[in-house]
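Heads up, coords-v9.csv below (CSV, C-alpha atoms and all ligand atoms):
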chain,number,residue,atom,x,y,z
A,1,MET,CA,-1.0,6.0,18.7
A,2,ALA,CA,-3.6,3.4,19.3
A,3,GLU,CA,-5.4,0.7,17.4
A,4,GLN,CA,-8.5,2.1,15.7
A,5,PHE,CA,-11.2,-0.4,14.6
A,6,ILE,CA,-11.9,0.1,10.9
A,7,GLY,CA,-14.1,-2.8,10.0
A,8,LYS,CA,-14.5,-6.6,9.6
A,9,LEU,CA,-12.0,-8.7,7.6
A,10,SER,CA,-14.9,-10.1,5.6
A,11,GLU,CA,-15.7,-6.6,4.4
A,12,PHE,CA,-12.4,-6.4,2.5
A,13,SER,CA,-12.0,-8.5,-0.7
A,14,ASP,CA,-8.6,-8.8,-2.3
A,15,GLY,CA,-8.0,-5.7,-4.3
A,16,ASP,CA,-10.5,-3.6,-2.3
A,17,ARG,CA,-9.6,-0.2,-0.8
A,18,GLN,CA,-11.1,2.1,1.8
A,19,ILE,CA,-10.4,5.8,2.3
A,20,LEU,CA,-10.8,6.7,6.0
A,21,ARG,CA,-10.6,9.7,8.2
A,22,ILE,CA,-9.1,8.7,11.5
A,23,GLY,CA,-8.9,11.7,13.8
A,24,GLU,CA,-7.0,14.3,11.9
A,25,ASP,CA,-5.5,11.9,9.4
A,26,GLU,CA,-6.9,10.8,6.0
A,27,ILE,CA,-5.7,7.2,5.3
A,28,GLY,CA,-6.0,4.8,2.4
A,29,VAL,CA,-6.2,1.1,3.4
A,30,PHE,CA,-5.4,-1.4,0.7
A,31,ARG,CA,-5.9,-5.2,0.7
A,32,HIS,CA,-3.5,-6.7,-1.8
A,33,GLU,CA,-2.8,-10.4,-2.0
A,34,GLY,CA,-4.2,-11.0,1.4
A,35,GLU,CA,-2.1,-8.4,3.1
A,36,PHE,CA,-3.2,-5.0,4.4
A,37,TYR,CA,-1.3,-1.7,3.7
A,38,ALA,CA,-2.2,1.7,4.9
A,39,TYR,CA,-0.8,5.1,3.9
A,40,SER,CA,-1.5,8.7,4.3
A,41,ASN,CA,-3.8,9.8,1.5
A,42,PHE,CA,-1.9,13.1,1.1
A,43,CYS,CA,0.4,12.9,-1.9
A,44,LEU,CA,3.9,14.2,-1.4
A,45,HIS,CA,3.8,16.1,-4.6
A,46,GLN,CA,1.0,18.6,-4.1
A,47,GLY,CA,-1.3,17.0,-1.6
A,48,GLY,CA,-3.5,15.1,-4.0
A,49,PRO,CA,-5.5,12.0,-3.0
A,50,ALA,CA,-2.5,9.6,-3.3
A,51,CYS,CA,-4.4,6.4,-2.5
A,52,GLU,CA,-7.4,6.9,-4.8
A,53,GLY,CA,-5.9,6.4,-8.3
A,54,LEU,CA,-5.0,3.4,-10.4
A,55,THR,CA,-3.4,0.3,-8.9
A,56,ILE,CA,-1.0,-1.0,-11.5
A,57,ALA,CA,1.9,-3.4,-11.6
A,58,ASN,CA,5.4,-2.0,-12.1
A,59,VAL,CA,6.4,-1.7,-15.7
A,60,GLU,CA,10.0,-2.6,-16.8
A,61,GLU,CA,11.6,-2.6,-20.2
A,62,ARG,CA,13.5,-5.7,-21.0
A,63,LEU,CA,16.6,-5.4,-23.2
A,64,ARG,CA,18.4,-7.9,-25.3
A,65,PRO,CA,22.2,-8.3,-24.8
A,66,ASP,CA,22.8,-5.8,-27.6
A,67,LYS,CA,20.6,-3.3,-25.6
A,68,THR,CA,17.7,-3.3,-28.1
A,69,SER,CA,14.3,-3.3,-26.5
A,70,MET,CA,12.1,-6.4,-26.1
A,71,GLY,CA,9.2,-4.2,-25.1
A,72,LEU,CA,7.6,-3.2,-21.8
A,73,HIS,CA,6.5,-5.8,-19.3
A,74,PHE,CA,4.6,-5.8,-16.0
A,75,THR,CA,6.5,-7.2,-13.0
A,76,ASN,CA,4.9,-8.7,-9.9
A,77,ASP,CA,5.4,-5.5,-7.8
A,78,MET,CA,2.2,-3.5,-7.4
A,79,ASN,CA,2.1,0.3,-7.3
A,80,PHE,CA,-0.7,2.8,-6.8
A,81,VAL,CA,-0.8,6.1,-8.7
A,82,CYS,CA,-1.8,9.5,-7.4
A,83,PRO,CA,-4.6,10.6,-9.8
A,84,TRP,CA,-3.5,14.2,-9.9
A,85,HIS,CA,-0.2,14.1,-11.7
A,86,GLY,CA,0.9,10.5,-11.6
A,87,TYR,CA,3.2,10.1,-8.6
A,88,GLU,CA,3.6,6.3,-8.4
A,89,TYR,CA,4.1,4.6,-5.0
A,90,ASP,CA,5.2,1.1,-4.1
A,91,MET,CA,2.3,-0.8,-2.5
A,92,LYS,CA,4.5,-2.6,0.0
A,93,THR,CA,6.6,0.4,1.2
A,94,GLY,CA,4.9,3.6,0.2
A,95,CYS,CA,8.1,4.8,-1.5
A,96,HIS,CA,8.0,6.7,-4.8
A,97,VAL,CA,9.0,4.2,-7.4
A,98,LYS,CA,11.9,6.3,-8.7
A,99,ASP,CA,13.0,8.1,-5.5
A,100,LYS,CA,13.0,5.9,-2.4
A,101,LYS,CA,13.5,9.0,-0.2
A,102,VAL,CA,10.0,10.2,-1.2
A,103,LYS,CA,7.9,8.1,1.1
A,104,LEU,CA,4.3,8.3,2.2
A,105,ARG,CA,3.6,8.0,5.9
A,106,LYS,CA,2.8,4.3,6.6
A,107,TYR,CA,0.4,3.0,9.2
A,108,ASP,CA,0.4,-0.4,10.7
A,109,VAL,CA,-2.7,-2.6,10.2
A,110,VAL,CA,-3.5,-5.3,12.7
A,111,THR,CA,-6.0,-8.0,12.3
A,112,ARG,CA,-7.5,-9.8,15.3
A,113,GLY,CA,-9.9,-12.5,14.5
A,114,ASN,CA,-12.4,-11.0,12.1
A,115,ASP,CA,-11.5,-7.4,13.2
A,116,VAL,CA,-9.2,-5.0,11.4
A,117,TYR,CA,-7.5,-2.1,13.1
A,118,VAL,CA,-5.3,0.7,11.9
A,119,VAL,CA,-2.7,2.0,14.4
A,120,ALA,CA,-3.1,5.8,14.2
B,1,MET,CA,35.6,4.0,96.6
B,2,SER,CA,34.0,2.5,93.8
B,3,SER,CA,35.6,3.0,90.6
B,4,PRO,CA,33.7,5.4,88.5
B,5,GLU,CA,31.5,4.0,85.8
B,6,PRO,CA,33.3,4.2,82.5
B,7,ALA,CA,31.9,6.9,80.4
B,8,ARG,CA,29.6,5.5,77.9
B,9,VAL,CA,30.4,6.5,74.4
B,10,LYS,CA,27.4,6.4,72.3
B,11,ARG,CA,28.2,4.7,69.0
B,12,SER,CA,26.0,4.1,66.2
B,13,THR,CA,26.1,0.6,64.9
B,14,PRO,CA,28.6,0.3,62.1
B,15,ALA,CA,26.8,1.3,59.0
B,16,PRO,CA,27.3,-0.4,55.7
B,17,ARG,CA,29.7,1.3,53.3
B,18,ARG,CA,26.8,2.3,51.1
B,19,ALA,CA,25.3,4.3,53.9
B,20,ALA,CA,28.5,6.2,54.3
B,21,ALA,CA,27.9,7.6,50.9
B,22,ALA,CA,24.4,8.7,52.0
B,23,SER,CA,25.7,10.4,55.1
B,24,ASP,CA,28.4,12.1,53.1
B,25,ALA,CA,25.6,13.6,50.9
B,26,GLY,CA,24.2,15.4,54.0
B,27,MET,CA,20.9,13.4,54.1
B,28,SER,CA,18.4,13.4,57.0
B,29,GLY,CA,17.8,10.1,58.9
B,30,GLN,CA,14.6,9.2,57.0
B,31,ASP,CA,16.3,9.9,53.7
B,32,LYS,CA,19.2,7.7,54.6
B,33,ALA,CA,16.8,4.9,55.6
B,34,ASN,CA,15.0,5.2,52.3
B,35,PHE,CA,18.2,5.3,50.4
B,36,ILE,CA,19.5,2.2,52.1
B,37,LYS,CA,16.1,0.4,51.5
B,38,ALA,CA,16.2,1.4,47.9
B,39,MET,CA,19.8,0.1,47.6
B,40,MET,CA,18.9,-3.2,49.2
B,41,ASP,CA,15.7,-3.7,47.2
B,42,GLY,CA,17.3,-2.8,44.0
B,43,VAL,CA,15.7,-0.5,41.4
B,44,LYS,CA,12.4,-1.9,40.2
B,45,PRO,CA,12.0,-2.6,36.5
B,46,LYS,CA,10.1,0.0,34.5
B,47,ALA,CA,7.0,-2.1,34.0
B,48,ALA,CA,6.7,-2.9,37.7
B,49,ALA,CA,7.3,0.7,38.6
B,50,GLY,CA,4.8,1.9,36.0
B,51,ALA,CA,2.2,-0.6,37.2
B,52,LYS,CA,1.6,1.5,40.3
B,53,THR,CA,0.4,4.4,38.3
B,54,LYS,CA,-2.8,3.9,36.2
B,55,PRO,CA,-2.0,4.5,32.5
B,56,ALA,CA,-3.8,7.4,31.0
B,57,ALA,CA,-6.8,6.2,29.0
B,58,VAL,CA,-6.2,6.6,25.2
B,59,LYS,CA,-9.1,8.5,23.8
B,60,PRO,CA,-10.4,6.6,20.7
B,61,LYS,CA,-10.3,8.6,17.6
B,62,LYS,CA,-13.3,9.1,15.4
B,63,VAL,CA,-13.1,6.8,12.3
B,64,VAL,CA,-15.1,8.0,9.3
B,65,LEU,CA,-15.3,5.9,6.1
B,66,LEU,CA,-15.0,8.4,3.3
B,67,ARG,CA,-15.2,6.0,0.4
B,68,LYS,CA,-14.9,2.4,-0.7
B,69,ILE,CA,-13.0,1.6,-3.9
B,70,PRO,CA,-13.8,-2.0,-4.8
B,71,ALA,CA,-11.4,-4.3,-6.7
B,72,PRO,CA,-12.0,-4.4,-10.5
B,73,VAL,CA,-14.7,-7.0,-11.5
B,74,ARG,CA,-13.6,-9.9,-13.6
B,75,VAL,CA,-15.9,-10.9,-16.5
B,76,THR,CA,-16.2,-14.7,-16.7
B,77,ARG,CA,-18.5,-16.7,-18.9
B,78,PRO,CA,-18.7,-20.3,-19.8
B,79,SER,CA,-16.2,-21.2,-22.5
B,80,ASN,CA,-16.8,-22.8,-25.9
B,81,PRO,CA,-14.6,-24.5,-28.5
B,82,ALA,CA,-13.9,-21.3,-30.6
B,83,SER,CA,-12.9,-19.4,-27.4
B,84,ASP,CA,-10.6,-22.3,-26.3
B,85,GLU,CA,-8.8,-22.1,-29.6
B,86,ALA,CA,-8.5,-18.4,-29.4
B,87,LEU,CA,-7.1,-18.7,-25.8
B,88,ALA,CA,-4.6,-21.3,-26.9
B,89,LEU,CA,-3.4,-19.1,-29.8
B,90,ALA,CA,-3.1,-16.1,-27.5
B,91,ALA,CA,-1.1,-18.1,-25.0
B,92,ALA,CA,1.2,-19.3,-27.8
B,93,LEU,CA,1.7,-15.8,-29.0
B,94,GLU,CA,2.5,-14.4,-25.5
B,95,ALA,CA,5.1,-17.2,-25.1
B,96,LYS,CA,6.7,-16.2,-28.4
B,97,LEU,CA,6.8,-12.6,-27.4
B,98,ALA,CA,8.3,-13.5,-24.0
B,99,ALA,CA,11.0,-15.4,-25.8
B,100,GLY,CA,11.7,-12.3,-28.0
B,101,ASP,CA,10.5,-14.0,-31.2
B,102,LEU,CA,9.0,-10.9,-32.8
B,103,GLY,CA,8.9,-12.5,-36.2
B,104,ALA,CA,6.6,-15.4,-35.1
B,105,LEU,CA,3.7,-13.8,-37.0
B,106,THR,CA,3.9,-12.3,-40.4
B,107,PRO,CA,2.4,-8.8,-40.8
B,108,GLN,CA,-0.4,-10.3,-42.8
B,109,ALA,CA,-1.3,-12.6,-39.9
B,110,VAL,CA,-1.2,-9.7,-37.4
B,111,GLN,CA,-3.4,-7.6,-39.7
B,112,ALA,CA,-5.9,-10.4,-40.1
B,113,LEU,CA,-6.1,-11.0,-36.4
B,114,MET,CA,-6.3,-7.3,-35.6
B,115,ARG,CA,-9.1,-6.8,-38.2
B,116,ALA,CA,-11.1,-9.8,-36.9
B,117,LEU,CA,-10.7,-8.7,-33.2
B,118,CYS,CA,-11.6,-5.1,-33.9
B,119,ARG,CA,-14.7,-6.0,-35.8
B,120,PHE,CA,-15.7,-8.7,-33.4
B,121,TYR,CA,-15.4,-6.5,-30.3
B,122,SER,CA,-17.1,-3.5,-32.0
B,123,ALA,CA,-20.0,-5.7,-33.0
B,124,ASN,CA,-20.5,-6.9,-29.4
B,125,VAL,CA,-20.3,-3.4,-28.1
B,126,GLY,CA,-22.8,-2.3,-30.7
B,127,ALA,CA,-25.1,-5.1,-29.6
B,128,GLY,CA,-24.9,-3.8,-26.0
B,129,ASP,CA,-22.3,-6.2,-24.6
B,130,LYS,CA,-19.8,-3.7,-23.3
B,131,TYR,CA,-17.2,-5.8,-21.5
B,132,PRO,CA,-13.7,-4.3,-21.0
B,133,VAL,CA,-11.5,-4.9,-24.1
B,134,VAL,CA,-8.7,-6.3,-22.0
B,135,GLU,CA,-8.9,-8.0,-18.7
B,136,GLY,CA,-7.8,-5.8,-15.7
B,137,ARG,CA,-5.3,-3.0,-15.9
B,138,MET,CA,-2.2,-5.2,-16.4
B,139,SER,CA,-2.9,-6.9,-19.6
B,140,VAL,CA,-1.3,-4.2,-21.8
B,141,THR,CA,0.9,-1.3,-20.9
B,142,GLY,CA,-0.1,2.3,-21.5
B,143,THR,CA,2.5,2.4,-24.2
B,144,ASP,CA,1.1,-0.7,-26.0
B,145,ALA,CA,-2.4,0.8,-25.9
B,146,MET,CA,-1.3,4.2,-27.3
B,147,ILE,CA,0.7,2.5,-30.1
B,148,VAL,CA,-2.2,0.3,-31.1
B,149,CYS,CA,-4.9,3.1,-30.8
B,150,GLY,CA,-2.7,5.5,-32.7
B,151,ALA,CA,-2.1,2.9,-35.5
B,152,LEU,CA,-5.8,2.0,-35.7
B,153,LEU,CA,-6.8,5.7,-36.0
B,154,LYS,CA,-4.2,6.3,-38.6
B,155,ALA,CA,-5.3,3.2,-40.5
B,156,VAL,CA,-8.8,4.7,-40.9
B,157,ASP,CA,-7.5,8.3,-41.3
B,158,LEU,CA,-9.0,9.6,-38.1
B,159,GLN,CA,-7.5,12.2,-35.7
B,160,VAL,CA,-7.6,12.0,-31.9
B,161,PHE,CA,-9.8,15.1,-32.0
B,162,GLU,CA,-12.4,13.2,-34.0
B,163,LEU,CA,-12.3,10.4,-31.6
B,164,GLY,CA,-13.0,12.8,-28.7
B,165,MET,CA,-15.9,14.4,-30.6
B,166,TRP,CA,-17.4,11.0,-31.4
B,167,GLN,CA,-17.0,9.8,-27.8
B,168,SER,CA,-18.7,12.9,-26.4
B,169,TRP,CA,-21.6,12.8,-28.9
B,170,SER,CA,-22.2,9.0,-29.0
B,171,ALA,CA,-23.5,6.8,-26.3
B,172,VAL,CA,-20.8,4.2,-26.9
A,201,LIG,S1,-0.5,15.7,-6.2
A,201,LIG,FE1,-0.1,13.6,-6.4
A,201,LIG,S2,1.0,13.5,-8.2
A,201,LIG,FE2,0.7,15.6,-7.9

Once more with this new file: its structure as structure tokens, please.
Ligand code: FES
Amino acid sequence: MAEQFIGKLSEFSDGDRQILRIGEDEIGVFRHEGEFYAYSNFCLHQGGPACEGLTIANVEERLRPDKTSMGLHFTNDMNFVCPWHGYEYDMKTGCHVKDKKVKLRKYDVVTRGNDVYVVA
Amino acid sequence: MSSPEPARVKRSTPAPRRAAAASDAGMSGQDKANFIKAMMDGVKPKAAAGAKTKPAAVKPKKVVLLRKIPAPVRVTRPSNPASDEALALAAALEAKLAAGDLGALTPQAVQALMRALCRFYSANVGAGDKYPVVEGRMSVTGTDAMIVCGALLKAVDLQVFELGMWQSWSAV
């Protein structure tokens, strides 16, 4: 594994994504709230383009003490959704939101000055 | 008669104890010397030992950009007094909802707001100003959208099928 130059920091605005082929791997690189996250673009369900779907905050249902619903709300945790059948992955860990054992391969992203590298 | 010279017994200099171990292992002289030298010098740390050999050059992989997916664009325009009032009302309603006060608005008030917003948005789209109906993807949940869309279709006695047909035939 070595650092592979993927572009300039200034080319990534917050919320931007790039899908790259690095050697044999297809990788999705996200910039979210100033941080970079990179994952394998092969969905663990059926190999769909895991990093190319919606990015959406986690939804939770809030309940009153008597367990009646106060409706659905977004939390601050961001997820991305595989566009094929909706597998939803945590942006920070690459884990499936409901089953933490299902986890996309994660790649480290290194910034040096204005250069961005993926370790692959 | 001179006394005979005492027989010289050839003795090796006393070896350190560590060398005894080497001789026990049946080593040659050179091996023993190397062994003792290594023992005296100590074992070099990995980094220093590795420094002698040139690391194999890592071949850079080919990086190909397949596609860029930009962040969703935010629509912002200069505000005006009516918009400021609407924003204040929206914020107050969100706060009531967060507090669980579902009765903060009467059904008549919700219906009046819904009617006004539907007609206002539709008139803008009809005039060519097609901004997104809610900002970003985290303004309303999918469940909220389906409940409201379903209720609106029902209110005007339309089926999802008719919506699909209209969307595929119209330019809106
Ligand atoms: S392939 Fe990704 S959800 Fe099915």

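The environment of range 39-44 of chain A within 6 Å, counting all atoms listed in the file and disregarding residues fewer than 5 places along the same chain, consists of Glu26, Ile27, Gly28, Pro49, Ala50, Cys51, Arg105, Lys106 and Tyr107 of chain A.
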
May I ask you to extract the residues of chain B within 8 Å of chain A, using only C-alpha atoms, and to give them as a list in words?
-> Val58, Pro60, Lys61, Lys62, Val63, Val64, Leu65, Leu66, Arg67, Lys68, Ile69, Pro70, Ala71, Pro72, Gly100, Arg137, Met138, Thr141 and Thr143 of chain B

Select the residues contacting ligand LIG 201 (chain A) at a distance of at most 6 Å, based on all atoms listed in the file, then format the selection as a PyMOL selection string.
-> chain A and resi 43+45-48+50+82+84-87

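Straight-line separation from CA of Ala112 in chain B to CA of Gly136 in chain B: 24.9 Å.
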
May I ask for the distance between CA of Leu163 in chain B and CA of Ser122 in chain B, given in Å to one decimal place?
->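 Between CA of Leu163 in chain B and CA of Ser122 in chain B the gap works out to 14.7 Å.
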
Point-to-point distance from CA of Glu35 in chain A to CA of Tyr89 in chain A, Å rounded to tenths |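 Computed distance, CA of Glu35 in chain A to CA of Tyr89 in chain A, equals 16.5 Å.
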